[in-house]
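Peer 1: Provided herewith: my_file.txt, compact mmCIF, C-alpha atoms.
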```txt
# COMPACT_ATOMS: atom_id res chain seq x y z
CA MET A 1 34.20 -15.99 2.90
CA PRO A 2 32.62 -13.17 0.84
CA GLU A 3 35.63 -13.06 -1.51
CA LEU A 4 34.92 -16.66 -2.51
CA LEU A 5 31.29 -15.87 -3.33
CA ARG A 6 32.27 -13.00 -5.63
CA ASP A 7 35.04 -14.75 -7.55
CA PRO A 8 33.74 -17.32 -10.07
CA ILE A 9 37.13 -19.03 -10.41
CA GLU A 10 37.61 -19.52 -6.69
CA ARG A 11 33.98 -20.52 -6.30
CA ALA A 12 34.39 -23.24 -8.95
CA LEU A 13 37.67 -24.44 -7.47
CA ALA A 14 36.22 -24.50 -3.96
CA SER A 15 33.28 -26.62 -5.14
CA ALA A 16 35.64 -29.05 -6.87
CA VAL A 17 37.93 -29.19 -3.82
CA ALA A 18 34.92 -29.80 -1.55
CA ALA A 19 33.79 -32.79 -3.62
CA LEU A 20 37.30 -34.19 -3.90
CA SER A 21 37.98 -33.75 -0.19
CA LEU A 22 34.66 -35.24 0.87
CA SER A 23 35.45 -38.34 -1.16
CA ARG A 24 39.03 -38.46 0.17
CA GLY A 25 37.80 -38.36 3.75
CA MET A 26 35.43 -41.25 3.06
CA PHE A 27 38.14 -43.20 1.26
CA PHE A 28 40.81 -42.71 3.93
CA ALA A 29 38.47 -44.09 6.58
CA VAL A 30 37.52 -47.34 4.79
CA SER A 31 40.27 -48.06 2.24
CA ALA A 32 42.53 -50.20 4.43
CA LEU A 33 39.64 -52.39 5.56
CA TYR A 34 38.25 -52.64 2.03
CA PHE A 35 41.58 -53.65 0.52
CA THR A 36 42.21 -56.33 3.13
CA ARG A 37 38.67 -57.68 3.53
CA GLY A 38 36.99 -56.83 0.25
CA VAL A 39 39.85 -57.43 -2.17
CA GLY A 40 41.55 -60.02 0.04
CA LEU A 41 45.03 -58.48 0.14
CA SER A 42 47.50 -58.67 3.00
CA PRO A 43 48.50 -55.41 4.75
CA ALA A 44 52.05 -55.82 3.42
CA VAL A 45 50.83 -56.09 -0.17
CA VAL A 46 48.61 -53.04 0.30
CA GLY A 47 51.55 -51.04 1.65
CA ILE A 48 53.90 -52.05 -1.15
CA GLY A 49 51.25 -51.45 -3.82
CA LEU A 50 50.36 -47.99 -2.54
CA THR A 51 54.04 -47.07 -2.25
CA ALA A 52 54.66 -48.10 -5.86
CA ALA A 53 51.58 -46.14 -6.92
CA GLY A 54 52.90 -43.15 -5.00
CA GLY A 55 56.00 -43.20 -7.17
CA VAL A 56 53.79 -42.95 -10.24
CA GLY A 57 52.05 -39.99 -8.63
CA VAL A 58 55.37 -38.23 -8.04
CA LEU A 59 56.23 -38.50 -11.73
CA ALA A 60 52.73 -37.41 -12.74
CA SER A 61 53.02 -34.28 -10.58
CA TYR A 62 56.00 -33.16 -12.66
CA VAL A 63 54.45 -34.11 -16.00
CA GLY A 64 51.29 -32.24 -14.99
CA GLY A 65 53.17 -28.96 -15.08
CA ARG A 66 54.32 -29.52 -18.65
CA LEU A 67 50.83 -30.55 -19.73
CA SER A 68 49.31 -27.51 -18.01
CA ASP A 69 51.60 -25.20 -19.99
CA ARG A 70 50.75 -26.96 -23.22
CA TYR A 71 47.01 -27.62 -22.94
CA GLY A 72 45.81 -25.20 -20.26
CA ALA A 73 45.66 -25.81 -16.52
CA ASP A 74 41.88 -25.41 -16.40
CA ARG A 75 41.33 -28.12 -19.02
CA LEU A 76 43.81 -30.50 -17.39
CA GLN A 77 42.21 -29.92 -13.99
CA GLN A 78 38.80 -30.89 -15.33
CA TRP A 79 39.96 -33.93 -17.31
CA THR A 80 42.13 -35.39 -14.57
CA LEU A 81 39.56 -34.85 -11.83
CA ALA A 82 37.06 -36.87 -13.87
CA ALA A 83 39.70 -39.53 -14.52
CA ASN A 84 40.56 -39.63 -10.82
CA GLY A 85 36.92 -40.28 -9.97
CA ALA A 86 36.71 -43.06 -12.55
CA SER A 87 39.91 -44.62 -11.19
CA LEU A 88 38.60 -44.55 -7.62
CA LEU A 89 35.35 -46.13 -8.81
CA ALA A 90 37.38 -48.93 -10.41
CA TYR A 91 38.54 -50.01 -6.94
CA ALA A 92 35.07 -51.52 -6.51
CA PHE A 93 35.98 -54.04 -9.21
CA ALA A 94 39.51 -54.88 -8.01
CA SER A 95 39.85 -58.62 -7.42
CA ASN A 96 43.56 -59.40 -7.14
CA VAL A 97 47.01 -57.91 -6.63
CA VAL A 98 47.53 -56.98 -10.30
CA SER A 99 44.24 -55.12 -10.67
CA PHE A 100 44.77 -53.39 -7.32
CA VAL A 101 48.24 -52.11 -8.25
CA LEU A 102 47.13 -50.94 -11.71
CA ILE A 103 44.13 -49.10 -10.30
CA ALA A 104 46.20 -47.59 -7.49
CA ALA A 105 48.71 -46.32 -10.07
CA CYS A 106 45.90 -44.70 -12.08
CA VAL A 107 44.46 -43.09 -8.94
CA SER A 108 47.86 -41.73 -7.91
CA ALA A 109 48.73 -40.51 -11.42
CA THR A 110 45.47 -38.66 -11.97
CA ARG A 111 45.67 -37.15 -8.49
CA GLY A 112 49.19 -35.87 -9.19
CA LEU A 113 48.17 -34.38 -12.53
CA GLN A 114 45.07 -32.77 -11.02
CA SER A 115 46.95 -31.28 -8.08
CA THR A 116 49.60 -29.66 -10.28
CA ALA A 117 46.96 -28.36 -12.69
CA GLN A 118 45.08 -26.73 -9.83
CA VAL A 119 48.16 -24.94 -8.49
CA THR A 120 49.15 -23.85 -12.00
CA LEU A 121 45.68 -22.41 -12.51
CA LEU A 122 46.15 -20.34 -9.34
CA ALA A 123 49.59 -19.22 -10.52
CA ARG A 124 48.30 -18.06 -13.91
CA TRP A 125 45.00 -16.48 -12.90
CA TYR A 126 45.83 -14.72 -9.63
CA VAL A 127 48.68 -12.34 -8.89
CA GLY A 128 50.90 -11.55 -5.92
CA PRO A 129 49.78 -12.45 -2.38
CA GLU A 130 46.27 -13.19 -3.66
CA ARG A 131 47.51 -16.54 -4.99
CA VAL A 132 48.54 -17.69 -1.52
CA THR A 133 45.41 -16.34 0.15
CA VAL A 134 43.16 -18.19 -2.29
CA ARG A 135 45.19 -21.36 -1.88
CA ALA A 136 44.86 -21.02 1.90
CA ARG A 137 41.07 -20.71 1.64
CA LEU A 138 40.97 -23.80 -0.56
CA ARG A 139 43.07 -25.60 2.04
CA VAL A 140 40.48 -24.74 4.69
CA VAL A 141 37.71 -26.13 2.46
CA MET A 142 39.78 -29.27 1.97
CA ASN A 143 40.29 -29.86 5.69
CA VAL A 144 36.66 -29.28 6.58
CA PHE A 145 35.32 -31.63 3.92
CA ILE A 146 37.87 -34.35 4.62
CA GLY A 147 36.55 -34.29 8.16
CA CYS A 148 32.97 -34.48 6.91
CA GLY A 149 33.88 -37.40 4.67
CA SER A 150 35.46 -39.25 7.58
CA LEU A 151 32.27 -38.79 9.61
CA LEU A 152 30.13 -40.10 6.74
CA ALA A 153 32.37 -43.12 6.40
CA GLY A 154 31.61 -43.85 10.03
CA LEU A 155 28.29 -45.30 8.86
CA ALA A 156 30.11 -47.94 6.83
CA LEU A 157 32.43 -48.64 9.75
CA MET A 158 29.41 -49.16 12.01
CA VAL A 159 27.90 -51.68 9.56
CA ASP A 160 31.37 -53.24 9.12
CA THR A 161 30.65 -55.43 6.10
CA THR A 162 32.45 -55.85 2.79
CA SER A 163 29.34 -54.66 0.95
CA ALA A 164 29.24 -51.45 3.00
CA TYR A 165 32.89 -50.75 2.25
CA ARG A 166 32.42 -51.47 -1.47
CA LEU A 167 29.39 -49.16 -1.61
CA THR A 168 31.45 -46.44 0.05
CA VAL A 169 34.17 -46.85 -2.60
CA VAL A 170 31.51 -46.46 -5.32
CA LEU A 171 30.27 -43.27 -3.64
CA VAL A 172 33.86 -42.01 -3.41
CA GLY A 173 34.30 -42.32 -7.18
CA ALA A 174 30.91 -40.78 -7.94
CA VAL A 175 31.39 -37.79 -5.63
CA THR A 176 34.84 -37.13 -7.09
CA MET A 177 33.45 -37.05 -10.63
CA LEU A 178 30.72 -34.65 -9.50
CA GLY A 179 33.53 -32.23 -8.63
CA THR A 180 34.12 -31.68 -12.34
CA LEU A 181 30.69 -30.05 -12.83
CA PRO A 182 31.61 -26.55 -11.55
CA LEU A 183 34.73 -26.61 -13.78
CA ILE A 184 32.82 -27.27 -17.01
CA GLY A 185 32.53 -24.21 -19.24
CA LEU A 186 34.73 -21.95 -17.11
CA ARG A 187 36.38 -20.53 -20.24
CA ARG A 188 33.00 -19.47 -21.58
CA ARG A 189 31.81 -18.01 -18.28
CA VAL A 190 34.94 -16.10 -17.25
CA ALA A 191 36.32 -13.47 -19.60
CA GLY A 192 40.07 -13.63 -20.13
CA LEU A 193 40.54 -17.08 -18.59
CA ALA A 194 41.44 -18.77 -21.89
CA ALA A 195 44.12 -16.18 -22.63
CA ARG A 196 45.70 -16.67 -19.20
CA MET A 197 45.60 -20.44 -19.34
CA ASP A 198 46.89 -20.92 -22.90
CA ALA A 199 50.65 -20.83 -22.52
CA SER A 200 51.22 -19.93 -26.18
CA ASP A 201 49.29 -16.64 -25.99
CA GLY A 202 51.56 -13.67 -25.51
CA ALA A 203 55.22 -13.26 -24.68
CA ALA A 204 54.62 -13.35 -20.94
CA THR A 205 53.34 -16.92 -21.13
CA SER A 206 55.50 -18.37 -23.88
CA VAL A 207 56.39 -22.01 -23.36
CA ARG A 208 59.95 -21.05 -24.28
CA GLY A 209 60.58 -19.72 -20.78
CA ARG A 210 63.24 -20.84 -18.36
CA SER A 211 63.45 -24.49 -17.29
CA PRO A 212 62.89 -24.94 -13.53
CA LEU A 213 65.53 -27.69 -13.46
CA ARG A 214 68.16 -25.09 -14.40
CA ASP A 215 66.96 -22.63 -11.77
CA ARG A 216 69.18 -23.48 -8.80
CA THR A 217 67.33 -21.25 -6.38
CA TYR A 218 64.01 -22.86 -7.22
CA VAL A 219 65.41 -26.39 -7.08
CA VAL A 220 66.99 -25.78 -3.66
CA SER A 221 63.80 -24.15 -2.38
CA THR A 222 61.76 -27.12 -3.62
CA ILE A 223 64.07 -29.59 -1.87
CA LEU A 224 63.97 -27.66 1.41
CA ASN A 225 60.20 -27.35 1.39
CA ALA A 226 59.94 -31.06 0.59
CA VAL A 227 62.05 -31.87 3.66
CA LEU A 228 59.78 -29.70 5.79
CA ALA A 229 56.73 -31.45 4.31
CA ILE A 230 57.90 -34.65 6.00
CA GLN A 231 56.01 -33.19 8.97
CA PHE A 232 52.80 -34.66 7.50
CA GLY A 233 54.15 -38.10 8.37
CA LEU A 234 53.79 -37.08 12.03
CA THR A 235 50.02 -36.77 11.66
CA SER A 236 49.42 -39.81 9.49
CA VAL A 237 51.81 -42.29 11.12
CA GLY A 238 53.96 -40.84 13.89
CA ILE A 239 51.29 -39.66 16.31
CA PRO A 240 49.08 -42.80 16.21
CA LEU A 241 52.03 -45.18 16.65
CA TRP A 242 53.75 -43.09 19.31
CA VAL A 243 50.64 -42.53 21.41
CA ALA A 244 49.49 -46.15 21.23
CA ASP A 245 52.82 -47.92 21.79
CA HIS A 246 55.13 -45.48 23.58
CA THR A 247 53.03 -43.37 25.98
CA ASP A 248 50.60 -44.01 28.83
CA ALA A 249 47.99 -41.73 27.24
CA PRO A 250 44.73 -43.44 26.22
CA THR A 251 44.56 -44.39 22.56
CA VAL A 252 41.47 -42.22 22.07
CA VAL A 253 43.79 -39.22 22.43
CA VAL A 254 44.88 -39.89 18.82
CA SER A 255 41.45 -38.75 17.58
CA ALA A 256 41.63 -35.66 19.77
CA LEU A 257 45.05 -34.74 18.38
CA LEU A 258 43.84 -35.11 14.80
CA LEU A 259 40.82 -32.96 15.65
CA VAL A 260 43.11 -30.30 17.10
CA ASN A 261 45.10 -30.27 13.86
CA THR A 262 42.05 -30.05 11.61
CA THR A 263 40.44 -27.29 13.68
CA TYR A 264 43.63 -25.25 13.98
CA VAL A 265 44.33 -25.35 10.24
CA ALA A 266 40.73 -24.39 9.46
CA LEU A 267 40.90 -21.41 11.81
CA PHE A 268 44.40 -20.07 11.15
CA GLN A 269 45.60 -21.11 7.66
CA VAL A 270 44.23 -17.99 5.95
CA ARG A 271 45.66 -15.74 8.66
CA ALA A 272 49.07 -17.39 8.29
CA SER A 273 48.97 -16.84 4.52
CA ARG A 274 48.51 -13.10 5.03
CA GLY A 275 51.73 -13.00 7.00
CA ALA A 276 53.75 -14.53 4.13
CA HIS A 277 53.07 -12.07 1.32
CA ASN A 278 56.59 -11.76 -0.12
CA LEU A 279 59.86 -13.68 -0.20
CA ARG A 280 61.27 -12.27 3.03
CA THR A 281 58.13 -12.80 5.08
CA ALA A 282 57.72 -16.24 3.50
CA GLY A 283 61.22 -17.19 4.61
CA ARG A 284 60.48 -16.03 8.15
CA SER A 285 57.26 -18.02 8.12
CA VAL A 286 59.07 -21.21 7.11
CA ARG A 287 61.75 -20.57 9.75
CA ARG A 288 59.04 -20.27 12.41
CA ALA A 289 57.56 -23.53 11.12
CA GLY A 290 60.89 -25.31 11.60
CA LEU A 291 61.19 -24.02 15.16
CA PHE A 292 57.60 -24.98 15.98
CA LEU A 293 58.33 -28.48 14.70
CA LEU A 294 61.42 -28.70 16.90
CA VAL A 295 59.28 -27.81 19.91
CA ALA A 296 56.61 -30.31 18.84
CA CYS A 297 59.14 -33.13 18.47
CA LEU A 298 60.61 -32.43 21.91
CA LEU A 299 57.13 -32.44 23.44
CA PHE A 300 56.19 -35.70 21.72
CA ALA A 301 59.38 -37.29 23.04
CA SER A 302 58.79 -36.06 26.61
CA ALA A 303 55.26 -37.51 26.61
CA GLY A 304 56.82 -40.96 26.67
CA TYR A 305 58.18 -40.35 30.19
CA LEU A 306 54.95 -39.11 31.80
CA GLY A 307 51.83 -40.57 33.33
CA ALA A 308 48.55 -40.74 31.45
CA ALA A 309 47.16 -37.32 32.43
CA ALA A 310 50.43 -35.41 32.03
CA ALA A 311 51.23 -37.20 28.78
CA THR A 312 47.82 -36.27 27.37
CA ALA A 313 48.36 -32.61 28.22
CA VAL A 314 51.83 -32.57 26.69
CA LEU A 315 50.60 -34.35 23.56
CA LEU A 316 47.91 -31.70 23.09
CA LEU A 317 50.55 -28.97 23.35
CA ALA A 318 52.69 -30.85 20.84
CA ALA A 319 49.74 -31.10 18.45
CA LEU A 320 49.17 -27.34 18.71
CA ALA A 321 52.85 -26.66 17.96
CA ALA A 322 52.79 -29.05 14.99
CA SER A 323 49.59 -27.46 13.69
CA ALA A 324 51.10 -23.97 13.97
CA ALA A 325 54.10 -25.28 12.04
CA GLU A 326 51.84 -26.66 9.33
CA THR A 327 50.03 -23.37 8.74
CA GLN A 328 53.24 -21.31 8.82
CA GLY A 329 55.22 -23.73 6.69
CA GLU A 330 52.52 -24.15 4.06
CA ALA A 331 51.98 -20.39 3.74
CA GLY A 332 55.69 -19.69 3.37
CA GLY A 333 56.27 -22.60 1.01
CA TRP A 334 53.36 -21.61 -1.24
CA THR A 335 54.61 -18.03 -1.47
CA MET A 336 58.11 -19.13 -2.41
CA ALA A 337 56.79 -21.59 -5.00
CA PHE A 338 54.82 -18.80 -6.66
CA GLU A 339 57.25 -15.88 -6.25
CA LEU A 340 60.42 -17.71 -7.31
CA ALA A 341 58.81 -19.19 -10.42
CA ASP A 342 59.33 -17.87 -13.93
CA PRO A 343 55.81 -16.74 -15.01
CA ALA A 344 56.63 -17.84 -18.56
CA ARG A 345 56.74 -21.47 -17.35
CA ALA A 346 54.19 -21.41 -14.53
CA GLY A 347 53.15 -25.00 -15.13
CA ALA A 348 56.67 -26.42 -15.31
CA TYR A 349 57.69 -24.60 -12.13
CA GLN A 350 54.60 -25.58 -10.16
CA GLY A 351 55.02 -29.11 -11.47
CA LEU A 352 58.50 -29.28 -9.95
CA SER A 353 57.22 -27.83 -6.67
CA GLN A 354 54.37 -30.35 -6.52
CA THR A 355 56.81 -33.16 -7.35
CA GLY A 356 58.86 -32.32 -4.28
CA TYR A 357 55.72 -32.20 -2.17
CA ALA A 358 54.45 -35.53 -3.52
CA LEU A 359 57.83 -37.17 -2.93
CA ALA A 360 57.82 -35.93 0.66
CA LEU A 361 54.35 -37.34 1.28
CA MET A 362 55.43 -40.70 -0.14
CA LEU A 363 58.58 -40.92 1.98
CA SER A 364 57.41 -39.23 5.18
CA PRO A 365 55.88 -42.34 6.86
CA SER A 366 59.12 -44.30 6.53
CA VAL A 367 61.25 -41.31 7.63
CA VAL A 368 59.16 -40.76 10.75
CA THR A 369 58.99 -44.44 11.70
CA THR A 370 62.70 -45.11 11.18
CA SER A 371 63.67 -42.05 13.23
CA ALA A 372 61.20 -41.15 15.98
CA ILE A 373 59.26 -44.40 16.34
CA ASP A 374 62.21 -46.81 16.07
CA HIS A 375 64.71 -44.77 18.12
CA GLY A 376 62.50 -42.89 20.57
CA THR A 377 63.85 -39.68 22.09
CA PRO A 378 67.08 -39.51 20.03
CA GLY A 379 65.01 -40.00 16.89
CA TRP A 380 62.55 -37.25 17.86
CA ILE A 381 65.44 -34.88 18.61
CA ALA A 382 67.11 -35.65 15.28
CA LEU A 383 63.85 -35.09 13.45
CA GLY A 384 63.25 -31.79 15.25
CA VAL A 385 66.77 -30.54 14.53
CA LEU A 386 66.33 -31.47 10.86
CA PHE A 387 63.12 -29.41 10.67
CA ALA A 388 64.65 -26.41 12.46
CA ALA A 389 67.76 -26.44 10.26
CA THR A 390 65.63 -26.75 7.14
CA GLY A 391 63.44 -23.82 8.13
CA THR A 392 66.44 -21.62 8.92
CA THR A 393 68.17 -22.49 5.64
CA THR A 394 64.97 -21.76 3.71
CA ALA A 395 64.81 -18.30 5.28
CA VAL A 396 68.41 -17.63 4.15
CA ILE A 397 67.56 -18.71 0.57
CA ALA A 398 64.45 -16.51 0.56
CA ASN A 399 66.35 -13.47 1.81
CA ARG A 400 69.09 -13.89 -0.78
CA ALA A 401 66.53 -14.26 -3.55
CA ALA A 402 64.71 -11.14 -2.36
CA SER A 403 67.98 -9.17 -2.29
CA ARG A 404 68.86 -10.21 -5.84
CA ARG A 405 65.38 -9.30 -7.01
CA ASN A 406 65.59 -5.84 -5.46
CA GLN A 407 68.92 -5.23 -7.21
CA ARG A 408 67.46 -5.93 -10.66
CA PRO A 409 65.44 -3.41 -12.66
CA THR A 410 61.87 -4.51 -13.28
CA PRO A 411 61.28 -5.07 -17.02
CA VAL A 412 58.41 -3.26 -18.68
CA GLY A 413 55.21 -5.27 -18.30
CA GLY A 414 56.86 -8.03 -16.29
CA THR A 415 58.28 -9.19 -13.00
CA PRO A 416 61.99 -9.77 -12.48
CA VAL A 417 62.80 -13.45 -12.40
CA THR A 418 64.95 -14.80 -9.58
```
Can you dump the structure from the file as structure tokens?
Peer 2:
Amino acid sequence: MPELLRDPIERALASAVAALSLSRGMFFAVSALYFTRGVGLSPAVVGIGLTAAGGVGVLASYVGGRLSDRYGADRLQQWTLAANGASLLAYAFASNVVSFVLIAACVSATRGLQSTAQVTLLARWYVGPERVTVRARLRVVMNVFIGCGSLLAGLALMVDTTSAYRLTVVLVGAVTMLGTLPLIGLRRRVAGLAARMDASDGAATSVRGRSPLRDRTYVVSTILNAVLAIQFGLTSVGIPLWVADHTDAPTVVVSALLLVNTTYVALFQVRASRGAHNLRTAGRSVRRAGLFLLVACLLFASAGYLGAAAATAVLLLAALAASAAETQGEAGGWTMAFELADPARAGAYQGLSQTGYALALMLSPSVVTTSAIDHGTPGWIALGVLFAATGTTTAVIANRAASRRNQRPTPVGGTPVT
């Protein structure tokens, strides 16, 4: 990626994302075992605690937008990434339910703040389709390093001792904090960054801009994209449970399906972002995502009626369709989140967008299990129809917003706000 090497902002963000994703991959692989064996918690307590912490993260995602507008997205990104690392490190000292829940809340809160700050930084520093392209490249870095982190955590899984899991948690916190290093001093190194980040500098970035909560188009778009983001529950919960308990395919196929997803996103996310460069193309991209998800859900359901070999083949096709939906849906959703936002309140708008995304990630496991896993084929069909309808409705919203924008004169030195 030669563009990444030339751009100091993207280079710093990519380094931070790489460290954060490496640690996340390690943490995902060992956290459940560490919480149950190392801390001594029951699986039910872990689930309830993480769900409660997820609610804190949803709120923090929204607050992060306001703080980014007030204090600068670059500063908030650096501070909260360091705090996230420290919070993860604190897991090594968790000893009971209370300490676990408090630490989990801190981890979730700092992650929500950091995520919103990062997106706000992209919104303020880059312009037009470049924002989505850069975000797509960062997404590729994230996927690759999460995979690397999962492989590294395999060493702890091989040892399979509480001490190995605790040491991994310590490394997770340390690696996350190392991600702050490339962000230190960015304002001194990059000319003009401070002026872009400080919301009070200039009329174009005044904190007195429009509230996203009063922007009906943006609120509806956020809700629709949050519904589509429920698709991530398929990867984290739906596929493993469905393959293991409802198909004749060998359980090892779950790893293959996850590998298909990671590889596909790494190869095609940037390409998908280039096909969603304005509101109309973004709407079409999200509509395609909804249709791909409908196909994927139907394929997942049909795998439950087939023998081992046929089910494996159909599951691989379903994983490809779901992966195509992910790249198309993310590209279209990112473009709409950037293009529909009032540039005067970039942080507040991106905060609302990230809140919808965080809420979807928190609820997606329960939505997928109560529909597809609990009800089988009817549940898969209902889920697929929901995705297809959501994608189609999003395209209608995007087209209407684009039409209104084209009918308005562009103000001097600015972009018409939808």
Peer 1: So, with all atoms listed in the file as the atoms that count, which of A:Thr133, A:Thr36, A:Gln118, A:Thr281 lies closest to A:Phe100?
Peer 2: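 Going through A:Thr133, A:Thr36, A:Gln118, A:Thr281 one by one, the smallest distance to A:Phe100 is for A:Thr36.
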Peer 1: Pull the closest atom pair for each residue of stretch 236-286 of chain A that gets at most 6 Å from stretch 316-334 of chain A, along with the distance in Å to one decimal, counting all atoms listed in the file, ordering rows by chain and then ascending residue number, as JSON lines.
Peer 2:
```
{"residue": "A:Leu257", "atom": "CA", "partner": "A:Ala319", "partner_atom": "CA", "distance": 5.9}
{"residue": "A:Asn261", "atom": "CA", "partner": "A:Ser323", "partner_atom": "CA", "distance": 5.3}
{"residue": "A:Gln269", "atom": "CA", "partner": "A:Thr327", "partner_atom": "CA", "distance": 5.1}
{"residue": "A:Ala272", "atom": "CA", "partner": "A:Gln328", "partner_atom": "CA", "distance": 5.7}
{"residue": "A:Ser273", "atom": "CA", "partner": "A:Ala331", "partner_atom": "CA", "distance": 4.7}
{"residue": "A:Ala276", "atom": "CA", "partner": "A:Gly332", "partner_atom": "CA", "distance": 5.6}
{"residue": "A:Ala282", "atom": "CA", "partner": "A:Gly332", "partner_atom": "CA", "distance": 4.0}
{"residue": "A:Ser285", "atom": "CA", "partner": "A:Gln328", "partner_atom": "CA", "distance": 5.2}
{"residue": "A:Val286", "atom": "CA", "partner": "A:Gly329", "partner_atom": "CA", "distance": 4.6}
```
Peer 1: So that I can see what lies close to A:Leu22, please list as a list in words the residues with an atom at most 6 Å from it, counting all atoms listed in the file and leaving out residues fewer than 3 positions away in the same chain.
Peer 2: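 My list of contacting residues is Ala18, Ala19, Gly25, Phe145, Ile146 and Gly149 of chain A.
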Peer 1: Between atom CA of A:Met158 and atom CA of A:Arg24, what is the distance in Å, rounded to a tenth?
Peer 2: 18.6 Å
Peer 1: Which residue out of A:Val170, A:Ala156, A:Ala360, A:Ala109 has the minimum interatomic distance to A:Ala229 when all atoms listed in the file are used?
Peer 2: A:Ala360
Peer 1: Do a neighbour search on A:Thr390 at 12 Å with only C-alpha atoms, toss out local chain neighbours closer than 6 positions, and write the hits as a VMD selection string.
Peer 2: chain A and resid 220 to 231 283 to 284 286 to 291 293 to 294 329 333 383 to 384 396 to 397
Peer 1: So, counting only C-alpha atoms, which residue among A:Leu76, A:Val98, A:Ala303, A:Leu13 is closest to A:Gly347?
Peer 2: A:Leu76
Peer 1: Would you mind putting back N, CA and C atoms on stretch 350-362 of chain A, then writing it out as a PDB file, keeping the file's coordinate frame?
Peer 2:
```pdb
ATOM      1  N   GLN A 350      55.493 -25.021 -11.174  1.00  0.00           N
ATOM      2  CA  GLN A 350      54.600 -25.580 -10.160  1.00  0.00           C
ATOM      3  C   GLN A 350      54.631 -27.106 -10.199  1.00  0.00           C
ATOM      4  N   GLY A 351      54.880 -27.669 -11.371  1.00  0.00           N
ATOM      5  CA  GLY A 351      55.020 -29.110 -11.470  1.00  0.00           C
ATOM      6  C   GLY A 351      56.207 -29.615 -10.659  1.00  0.00           C
ATOM      7  N   LEU A 352      57.335 -28.891 -10.736  1.00  0.00           N
ATOM      8  CA  LEU A 352      58.500 -29.280  -9.950  1.00  0.00           C
ATOM      9  C   LEU A 352      58.219 -29.134  -8.458  1.00  0.00           C
ATOM     10  N   SER A 353      57.567 -28.035  -8.078  1.00  0.00           N
ATOM     11  CA  SER A 353      57.220 -27.830  -6.670  1.00  0.00           C
ATOM     12  C   SER A 353      56.315 -28.935  -6.149  1.00  0.00           C
ATOM     13  N   GLN A 354      55.304 -29.296  -6.932  1.00  0.00           N
ATOM     14  CA  GLN A 354      54.370 -30.350  -6.520  1.00  0.00           C
ATOM     15  C   GLN A 354      55.054 -31.718  -6.502  1.00  0.00           C
ATOM     16  N   THR A 355      56.061 -31.901  -7.358  1.00  0.00           N
ATOM     17  CA  THR A 355      56.810 -33.160  -7.350  1.00  0.00           C
ATOM     18  C   THR A 355      57.545 -33.329  -6.025  1.00  0.00           C
ATOM     19  N   GLY A 356      58.178 -32.265  -5.566  1.00  0.00           N
ATOM     20  CA  GLY A 356      58.860 -32.320  -4.280  1.00  0.00           C
ATOM     21  C   GLY A 356      57.904 -32.625  -3.145  1.00  0.00           C
ATOM     22  N   TYR A 357      56.737 -31.990  -3.190  1.00  0.00           N
ATOM     23  CA  TYR A 357      55.720 -32.200  -2.170  1.00  0.00           C
ATOM     24  C   TYR A 357      55.220 -33.646  -2.195  1.00  0.00           C
ATOM     25  N   ALA A 358      54.943 -34.162  -3.388  1.00  0.00           N
ATOM     26  CA  ALA A 358      54.450 -35.530  -3.520  1.00  0.00           C
ATOM     27  C   ALA A 358      55.493 -36.538  -3.052  1.00  0.00           C
ATOM     28  N   LEU A 359      56.759 -36.275  -3.361  1.00  0.00           N
ATOM     29  CA  LEU A 359      57.830 -37.170  -2.930  1.00  0.00           C
ATOM     30  C   LEU A 359      57.932 -37.192  -1.403  1.00  0.00           C
ATOM     31  N   ALA A 360      57.767 -36.013  -0.803  1.00  0.00           N
ATOM     32  CA  ALA A 360      57.820 -35.930   0.660  1.00  0.00           C
ATOM     33  C   ALA A 360      56.681 -36.723   1.293  1.00  0.00           C
ATOM     34  N   LEU A 361      55.477 -36.602   0.732  1.00  0.00           N
ATOM     35  CA  LEU A 361      54.350 -37.340   1.280  1.00  0.00           C
ATOM     36  C   LEU A 361      54.554 -38.844   1.140  1.00  0.00           C
ATOM     37  N   MET A 362      55.200 -39.269   0.065  1.00  0.00           N
ATOM     38  CA  MET A 362      55.430 -40.700  -0.140  1.00  0.00           C
ATOM     39  C   MET A 362      56.461 -41.243   0.847  1.00  0.00           C
TER      40      MET A 362
END
```
